[in-house]
>>> print(open('target38.txt').read())   # compact mmCIF, C-alpha atoms
# COMPACT_ATOMS: atom_id res chain seq x y z
CA MET A 1 37.50 -16.10 -36.05
CA ILE A 2 40.60 -14.46 -37.47
CA LEU A 3 39.85 -11.64 -39.91
CA ALA A 4 42.79 -10.00 -41.68
CA GLY A 5 43.57 -7.71 -44.60
CA THR A 6 40.05 -6.44 -45.23
CA ASP A 7 40.96 -2.77 -45.83
CA GLY A 8 40.77 -2.20 -49.56
CA ALA A 9 40.73 -5.91 -50.32
CA ARG A 10 39.76 -6.90 -53.87
CA ALA A 11 39.02 -10.53 -52.89
CA GLY A 12 38.60 -12.68 -49.82
CA VAL A 13 39.29 -16.26 -48.82
CA VAL A 14 37.79 -18.35 -46.06
CA LEU A 15 40.76 -20.41 -44.83
CA LEU A 16 40.02 -23.68 -43.04
CA HIS A 17 42.67 -25.43 -40.98
CA GLY A 18 43.28 -29.17 -40.82
CA ARG A 19 43.05 -31.48 -37.82
CA GLY A 20 45.14 -30.06 -34.99
CA GLY A 21 45.60 -26.74 -36.79
CA ARG A 22 44.67 -23.26 -35.65
CA ALA A 23 42.92 -20.37 -37.33
CA ALA A 24 45.80 -18.02 -36.53
CA GLU A 25 48.14 -20.06 -38.72
CA MET A 26 46.06 -19.82 -41.88
CA PRO A 27 46.52 -16.21 -43.13
CA ALA A 28 50.24 -16.95 -43.55
CA LEU A 29 49.24 -19.09 -46.54
CA LEU A 30 48.34 -15.94 -48.46
CA ASP A 31 51.64 -14.35 -47.47
CA HIS A 32 53.49 -17.44 -48.68
CA ALA A 33 51.71 -17.12 -52.03
CA GLY A 34 52.69 -13.46 -52.22
CA LEU A 35 49.08 -12.33 -52.46
CA ALA A 36 48.36 -8.70 -51.65
CA GLY A 37 44.88 -7.22 -51.54
CA VAL A 38 43.27 -10.50 -50.49
CA ALA A 39 41.48 -10.66 -47.16
CA ALA A 40 41.40 -13.75 -44.98
CA ALA A 41 38.67 -15.04 -42.71
CA ALA A 42 39.77 -18.08 -40.71
CA PRO A 43 37.34 -19.78 -38.32
CA GLU A 44 38.63 -22.23 -35.73
CA ALA A 45 37.06 -25.59 -34.96
CA ALA A 46 36.31 -26.57 -31.38
CA GLY A 47 39.22 -28.64 -30.16
CA ASN A 48 41.07 -27.76 -33.39
CA SER A 49 39.27 -30.50 -35.32
CA TRP A 50 36.23 -30.18 -37.55
CA TRP A 51 35.20 -33.78 -36.83
CA PRO A 52 36.60 -36.61 -34.71
CA THR A 53 36.51 -39.37 -37.33
CA SER A 54 37.64 -39.93 -40.90
CA PHE A 55 35.57 -37.84 -43.32
CA LEU A 56 34.69 -41.18 -44.91
CA ALA A 57 32.62 -42.20 -41.85
CA THR A 58 28.87 -42.76 -42.11
CA THR A 59 26.52 -39.83 -42.57
CA ALA A 60 25.08 -40.37 -39.08
CA GLN A 61 28.56 -39.90 -37.63
CA MET A 62 29.55 -37.01 -39.86
CA GLU A 63 26.48 -34.85 -40.31
CA PRO A 64 26.34 -33.08 -36.90
CA HIS A 65 29.98 -32.05 -37.29
CA VAL A 66 29.54 -31.04 -40.92
CA ALA A 67 26.57 -28.87 -39.96
CA ARG A 68 28.68 -27.00 -37.40
CA GLY A 69 31.47 -26.60 -39.92
CA LEU A 70 29.09 -25.24 -42.55
CA ALA A 71 27.78 -22.71 -40.04
CA ALA A 72 31.35 -21.55 -39.37
CA VAL A 73 31.99 -21.18 -43.10
CA ALA A 74 28.77 -19.22 -43.61
CA GLU A 75 29.72 -16.90 -40.75
CA ALA A 76 33.16 -16.33 -42.26
CA VAL A 77 31.68 -15.53 -45.68
CA ALA A 78 29.28 -13.08 -44.01
CA GLU A 79 32.22 -11.38 -42.27
CA LEU A 80 33.98 -10.84 -45.60
CA GLU A 81 30.79 -9.56 -47.19
CA ALA A 82 30.28 -7.16 -44.28
CA ALA A 83 33.81 -5.87 -44.93
CA GLY A 84 32.70 -4.87 -48.43
CA ILE A 85 33.93 -7.84 -50.47
CA GLY A 86 31.40 -9.05 -53.01
CA ARG A 87 30.28 -12.66 -52.80
CA GLY A 88 31.59 -13.33 -56.30
CA ALA A 89 35.11 -12.42 -55.11
CA ILE A 90 35.08 -14.78 -52.11
CA TRP A 91 36.77 -18.19 -52.19
CA LEU A 92 36.85 -21.17 -49.84
CA ALA A 93 40.14 -22.95 -49.18
CA GLY A 94 41.46 -25.52 -46.76
CA PHE A 95 43.92 -28.29 -46.09
CA SER A 96 43.06 -31.89 -45.13
CA GLN A 97 39.94 -31.74 -42.92
CA GLY A 98 39.69 -28.08 -43.88
CA ALA A 99 39.89 -29.03 -47.56
CA CYS A 100 37.02 -31.48 -47.16
CA LEU A 101 34.96 -28.82 -45.38
CA ALA A 102 35.79 -26.17 -48.00
CA LEU A 103 34.70 -28.46 -50.83
CA GLU A 104 31.58 -29.63 -49.02
CA ALA A 105 30.60 -26.06 -48.16
CA HIS A 106 31.04 -24.94 -51.75
CA ALA A 107 28.82 -27.79 -52.96
CA ARG A 108 26.14 -27.18 -50.33
CA ILE A 109 26.08 -23.43 -49.62
CA GLY A 110 28.46 -21.96 -52.19
CA ALA A 111 26.02 -20.31 -54.59
CA GLY A 112 27.59 -17.16 -55.98
CA LEU A 113 31.06 -17.76 -54.55
CA ALA A 114 34.14 -17.60 -56.76
CA GLY A 115 35.20 -21.18 -56.08
CA ALA A 116 37.09 -23.48 -53.75
CA PHE A 117 40.53 -24.94 -53.18
CA GLY A 118 40.76 -28.42 -51.67
CA PHE A 119 44.39 -29.08 -50.74
CA SER A 120 44.46 -32.82 -49.93
CA GLY A 121 40.71 -33.23 -49.64
CA GLY A 122 37.48 -34.54 -51.12
CA LEU A 123 33.74 -34.19 -50.69
CA VAL A 124 32.14 -35.61 -47.55
CA GLY A 125 28.88 -36.49 -49.33
CA THR A 126 25.23 -36.04 -48.47
CA ALA A 127 24.08 -39.56 -47.60
CA ASP A 128 25.25 -43.15 -47.40
CA ALA A 129 25.10 -45.09 -50.67
CA GLY A 130 25.24 -48.56 -49.16
CA THR A 131 26.92 -50.40 -46.33
CA ASP A 132 29.44 -52.62 -48.10
CA PRO A 133 33.05 -51.62 -47.42
CA ASP A 134 35.00 -50.52 -50.48
CA PRO A 135 38.77 -51.10 -50.55
CA SER A 136 39.24 -48.01 -52.75
CA LEU A 137 37.65 -45.98 -49.93
CA TYR A 138 39.89 -47.50 -47.27
CA GLY A 139 37.19 -49.92 -46.17
CA HIS A 140 34.40 -47.34 -45.89
CA ALA A 141 31.12 -47.50 -47.78
CA PRO A 142 30.44 -45.07 -50.67
CA LYS A 143 28.41 -41.88 -50.33
CA ARG A 144 25.78 -40.05 -52.34
CA PHE A 145 26.51 -36.54 -53.68
CA ASP A 146 23.10 -34.94 -54.04
CA TYR A 147 23.68 -31.19 -54.03
CA GLY A 148 21.13 -28.53 -54.84
CA PRO A 149 21.19 -26.47 -58.03
CA GLY A 150 23.15 -23.24 -58.03
CA HIS A 151 25.93 -24.40 -55.73
CA GLY A 152 29.43 -25.63 -56.48
CA ALA A 153 30.06 -23.63 -59.66
CA GLY A 154 32.95 -21.27 -60.33
CA ARG A 155 36.50 -22.69 -60.22
CA VAL A 156 37.54 -25.66 -58.13
CA TRP A 157 41.01 -27.04 -57.39
CA ILE A 158 41.50 -30.48 -55.87
CA SER A 159 44.93 -31.93 -55.10
CA VAL A 160 45.87 -35.23 -53.50
CA HIS A 161 48.76 -37.67 -53.31
CA ALA A 162 48.31 -40.93 -55.20
CA ARG A 163 48.66 -42.80 -51.91
CA ASP A 164 47.37 -40.34 -49.36
CA PRO A 165 46.79 -42.10 -46.01
CA HIS A 166 43.70 -39.98 -45.28
CA ILE A 167 42.18 -39.05 -48.66
CA PRO A 168 41.49 -41.91 -51.08
CA LEU A 169 42.37 -41.05 -54.65
CA ARG A 170 38.98 -42.36 -55.73
CA ARG A 171 37.14 -39.86 -53.49
CA ALA A 172 39.21 -36.98 -54.86
CA GLU A 173 38.50 -38.09 -58.43
CA ASP A 174 34.78 -38.57 -57.72
CA SER A 175 34.67 -35.12 -56.13
CA ALA A 176 36.12 -33.55 -59.27
CA GLU A 177 33.42 -35.21 -61.37
CA VAL A 178 30.69 -34.02 -59.00
CA PHE A 179 31.86 -30.43 -59.30
CA ARG A 180 31.99 -30.69 -63.08
CA SER A 181 28.37 -31.85 -62.99
CA LEU A 182 27.55 -28.77 -60.89
CA GLY A 183 28.99 -26.51 -63.57
CA ALA A 184 32.41 -25.81 -62.09
CA THR A 185 35.63 -25.48 -64.01
CA VAL A 186 37.77 -28.06 -62.23
CA ALA A 187 41.54 -28.50 -62.11
CA THR A 188 43.18 -31.41 -60.31
CA GLU A 189 46.68 -32.48 -59.36
CA VAL A 190 47.68 -35.98 -58.26
CA TYR A 191 51.10 -35.98 -56.63
CA PRO A 192 53.07 -39.20 -57.10
CA GLY A 193 53.70 -41.61 -54.28
CA ALA A 194 52.58 -41.46 -50.68
CA GLY A 195 52.05 -38.26 -48.73
CA HIS A 196 49.63 -35.83 -47.20
CA GLY A 197 50.52 -32.18 -47.54
CA MET A 198 50.56 -29.09 -49.70
CA ARG A 199 53.04 -28.81 -52.56
CA GLU A 200 54.32 -25.92 -54.64
CA ALA A 201 51.62 -26.51 -57.28
CA ASP A 202 49.02 -25.71 -54.59
CA ILE A 203 50.69 -22.40 -53.81
CA ALA A 204 51.07 -21.65 -57.51
CA ILE A 205 47.37 -22.19 -58.26
CA LEU A 206 46.39 -20.07 -55.28
CA ARG A 207 48.66 -17.29 -56.59
CA ASP A 208 47.37 -17.70 -60.14
CA TRP A 209 43.65 -17.70 -59.37
CA LEU A 210 43.70 -15.04 -56.66
CA GLY A 211 46.36 -12.76 -58.12
CA PRO A 212 45.48 -9.49 -59.82
CA GLY A 213 43.61 -10.17 -63.02
>>> encode(input="target38.txt", output="structure tokens")
Amino acid sequence: MILAGTDGARAGVVLLHGRGGRAAEMPALLDHAGLAGVAAAAPEAAGNSWWPTSFLATTAQMEPHVARGLAAVAEAVAELEAAGIGRGAIWLAGFSQGACLALEAHARIGAGLAGAFGFSGGLVGTADAGTDPDPSLYGHAPKRFDYGPGHGAGRVWISVHARDPHIPLRRAEDSAEVFRSLGATVATEVYPGAGHGMREADIAILRDWLGPG
């Protein structure tokens, strides 16, 4: 766990790396956004990957890995709270796999948190919703999104490329609708063409939402 910038911090962010990433790389995202007074807590996945498959894989394949990821997020939130940052000033954010985990954690265990940023990500889902492959989900079957009351509110950002090789546009769009149903204020950005990465709009929204009010 990397913990940085907690002295006098007015807000905190749990930063979740993507596949092959490292926790030590993540606090630089706040520096790039020019954010002062924001603490970072960055857990690291075993083997630098939160799960070994596509996040679209079946619940049986995904759930053990998601459970470990959720535990890491909960620990990171607890570290920020122990540093004196109120739960309502703590955000979740991640890229790619980390984006999927950030969004899933906010929907499952995010009661009272400020919100979540999913940079090239979508919800994992809580259960399988059939077995028939869906071309719009890259040949995977759909999922159910049954989240408990009180979670997933606040502000949520979801960005994705129109032809992202890892994140189907449909899953990103469905995720936005799920968060709206949970009471969140949701903003989305669909970048044209193919790609998988953060863009300037992602940095801008991070700066806007986490900057001094």
>>> closest_residue(input="target38.txt", among="A:Gly152, A:Gly47, A:Pro192, A:Pro64", to="Glu177 in chain A", atoms="all atoms listed in the file")
A:Gly152
>>> closest_residue(input="target38.txt", among="A:Val14, A:Ala194, A:Ala114, A:Leu137", to="Leu56 in chain A", atoms="all atoms listed in the file")
A:Leu137
>>> closest_residue(input="target38.txt", among="A:Pro52, A:Gly88, A:Gly94, A:Gly150", to="Ser120 in chain A", atoms="all atoms listed in the file")
A:Gly94
>>> closest_residue(input="target38.txt", among="A:Gly18, A:Gly110, A:Pro149, A:Gly121", to="Val73 in chain A", atoms="only C-alpha atoms")
A:Gly110
>>> closest_residue(input="target38.txt", among="A:Arg170, A:Pro142, A:Ala116, A:Gly197", to="Thr185 in chain A", atoms="only C-alpha atoms")
A:Ala116
>>> atom_distance(input="target38.txt", atom1="CA of Tyr138 in chain A", atom2="CA of Tyr191 in chain A")
18.6 Å
>>> atom_distance(input="target38.txt", atom1="CA of Ala4 in chain A", atom2="CA of Ala39 in chain A")
5.7 Å
>>> residues_around(input="target38.txt", residues="Ala201 in chain A", least_positions_apart="5", cutoff="10 Å", atoms="only C-alpha atoms", output="list in words")
Ser159, Glu189, Tyr191, Leu206 and Arg207 of chain A
>>> residues_around(input="target38.txt", residues="Arg10 in chain A", least_positions_apart="2", cutoff="8 Å", atoms="all atoms listed in the file", output="MDAnalysis selection string")
chainID A and resid 8 12 37:39 85 89
>>> write_last_selection(input="target38.txt", atoms="C-alpha atoms", output="PDB file, keeping the file's coordinate frame")
ATOM      1  CA  GLY A   8      40.770  -2.200 -49.560  1.00  0.00           C
ATOM      2  CA  GLY A  12      38.600 -12.680 -49.820  1.00  0.00           C
ATOM      3  CA  GLY A  37      44.880  -7.220 -51.540  1.00  0.00           C
ATOM      4  CA  VAL A  38      43.270 -10.500 -50.490  1.00  0.00           C
ATOM      5  CA  ALA A  39      41.480 -10.660 -47.160  1.00  0.00           C
ATOM      6  CA  ILE A  85      33.930  -7.840 -50.470  1.00  0.00           C
ATOM      7  CA  ALA A  89      35.110 -12.420 -55.110  1.00  0.00           C
TER       8      ALA A  89
END
>>> atom_distance(input="target38.txt", atom1="CA of Leu210 in chain A", atom2="CA of Trp51 in chain A")
28.6 Å
>>> build_atoms(input="target38.txt", residues="range 5-36 of chain A", atoms="N, CA and C atoms", output="JSON list (two decimals), in the coordinates of the input")
[["chain", "number", "residue", "atom", "x", "y", "z"],
["A", 5, "GLY", "N", 43.35, -8.27, -43.27],
["A", 5, "GLY", "CA", 43.57, -7.71, -44.60],
["A", 5, "GLY", "C", 42.33, -7.23, -45.30],
["A", 6, "THR", "N", 41.30, -6.81, -44.58],
["A", 6, "THR", "CA", 40.05, -6.44, -45.23],
["A", 6, "THR", "C", 40.08, -5.03, -45.83],
["A", 7, "ASP", "N", 40.94, -4.15, -45.33],
["A", 7, "ASP", "CA", 40.96, -2.77, -45.83],
["A", 7, "ASP", "C", 41.39, -2.74, -47.30],
["A", 8, "GLY", "N", 40.48, -2.31, -48.15],
["A", 8, "GLY", "CA", 40.77, -2.20, -49.56],
["A", 8, "GLY", "C", 40.95, -3.51, -50.29],
["A", 9, "ALA", "N", 40.52, -4.61, -49.70],
["A", 9, "ALA", "CA", 40.73, -5.91, -50.32],
["A", 9, "ALA", "C", 39.88, -6.04, -51.59],
["A", 10, "ARG", "N", 40.46, -6.65, -52.62],
["A", 10, "ARG", "CA", 39.76, -6.90, -53.87],
["A", 10, "ARG", "C", 39.14, -8.29, -53.91],
["A", 11, "ALA", "N", 39.54, -9.16, -52.97],
["A", 11, "ALA", "CA", 39.02, -10.53, -52.89],
["A", 11, "ALA", "C", 39.17, -11.02, -51.46],
["A", 12, "GLY", "N", 38.51, -12.10, -51.16],
["A", 12, "GLY", "CA", 38.60, -12.68, -49.82],
["A", 12, "GLY", "C", 38.62, -14.19, -49.90],
["A", 13, "VAL", "N", 39.22, -14.81, -48.88],
["A", 13, "VAL", "CA", 39.29, -16.26, -48.82],
["A", 13, "VAL", "C", 38.94, -16.72, -47.41],
["A", 14, "VAL", "N", 38.04, -17.66, -47.32],
["A", 14, "VAL", "CA", 37.79, -18.35, -46.06],
["A", 14, "VAL", "C", 38.81, -19.48, -45.98],
["A", 15, "LEU", "N", 39.66, -19.44, -44.97],
["A", 15, "LEU", "CA", 40.76, -20.41, -44.83],
["A", 15, "LEU", "C", 40.45, -21.37, -43.68],
["A", 16, "LEU", "N", 40.45, -22.65, -43.99],
["A", 16, "LEU", "CA", 40.02, -23.68, -43.04],
["A", 16, "LEU", "C", 41.18, -24.61, -42.69],
["A", 17, "HIS", "N", 41.53, -24.63, -41.43],
["A", 17, "HIS", "CA", 42.67, -25.43, -40.98],
["A", 17, "HIS", "C", 42.36, -26.92, -40.98],
["A", 18, "GLY", "N", 43.42, -27.72, -40.92],
["A", 18, "GLY", "CA", 43.28, -29.17, -40.82],
["A", 18, "GLY", "C", 43.20, -29.61, -39.37],
["A", 19, "ARG", "N", 43.12, -30.93, -39.17],
["A", 19, "ARG", "CA", 43.05, -31.48, -37.82],
["A", 19, "ARG", "C", 44.29, -31.05, -37.03],
["A", 20, "GLY", "N", 44.05, -30.50, -35.85],
["A", 20, "GLY", "CA", 45.14, -30.06, -34.99],
["A", 20, "GLY", "C", 45.67, -28.69, -35.33],
["A", 21, "GLY", "N", 45.15, -28.07, -36.40],
["A", 21, "GLY", "CA", 45.60, -26.74, -36.79],
["A", 21, "GLY", "C", 44.89, -25.65, -36.02],
["A", 22, "ARG", "N", 45.27, -24.41, -36.30],
["A", 22, "ARG", "CA", 44.67, -23.26, -35.65],
["A", 22, "ARG", "C", 44.36, -22.19, -36.69],
["A", 23, "ALA", "N", 43.31, -21.43, -36.41],
["A", 23, "ALA", "CA", 42.92, -20.37, -37.33],
["A", 23, "ALA", "C", 44.04, -19.35, -37.52],
["A", 24, "ALA", "N", 44.77, -19.05, -36.47],
["A", 24, "ALA", "CA", 45.80, -18.02, -36.53],
["A", 24, "ALA", "C", 46.92, -18.36, -37.49],
["A", 25, "GLU", "N", 47.08, -19.64, -37.80],
["A", 25, "GLU", "CA", 48.14, -20.06, -38.72],
["A", 25, "GLU", "C", 47.78, -19.84, -40.19],
["A", 26, "MET", "N", 46.50, -19.73, -40.49],
["A", 26, "MET", "CA", 46.06, -19.82, -41.88],
["A", 26, "MET", "C", 46.36, -18.60, -42.75],
["A", 27, "PRO", "N", 46.23, -17.36, -42.24],
["A", 27, "PRO", "CA", 46.52, -16.21, -43.13],
["A", 27, "PRO", "C", 47.93, -16.21, -43.70],
["A", 28, "ALA", "N", 48.87, -16.88, -43.04],
["A", 28, "ALA", "CA", 50.24, -16.95, -43.55],
["A", 28, "ALA", "C", 50.29, -17.63, -44.92],
["A", 29, "LEU", "N", 49.28, -18.43, -45.24],
["A", 29, "LEU", "CA", 49.24, -19.09, -46.54],
["A", 29, "LEU", "C", 49.18, -18.07, -47.66],
["A", 30, "LEU", "N", 48.42, -16.99, -47.45],
["A", 30, "LEU", "CA", 48.34, -15.94, -48.46],
["A", 30, "LEU", "C", 49.66, -15.19, -48.57],
["A", 31, "ASP", "N", 50.32, -14.99, -47.44],
["A", 31, "ASP", "CA", 51.64, -14.35, -47.47],
["A", 31, "ASP", "C", 52.63, -15.21, -48.24],
["A", 32, "HIS", "N", 52.58, -16.52, -48.01],
["A", 32, "HIS", "CA", 53.49, -17.44, -48.68],
["A", 32, "HIS", "C", 53.28, -17.40, -50.19],
["A", 33, "ALA", "N", 52.03, -17.20, -50.60],
["A", 33, "ALA", "CA", 51.71, -17.12, -52.03],
["A", 33, "ALA", "C", 51.99, -15.74, -52.61],
["A", 34, "GLY", "N", 52.39, -14.80, -51.75],
["A", 34, "GLY", "CA", 52.69, -13.46, -52.22],
["A", 34, "GLY", "C", 51.47, -12.70, -52.69],
["A", 35, "LEU", "N", 50.32, -12.95, -52.04],
["A", 35, "LEU", "CA", 49.08, -12.33, -52.46],
["A", 35, "LEU", "C", 48.79, -11.08, -51.63],
["A", 36, "ALA", "N", 48.75, -9.95, -52.30],
["A", 36, "ALA", "CA", 48.36, -8.70, -51.65],
["A", 36, "ALA", "C", 46.93, -8.36, -52.07]]
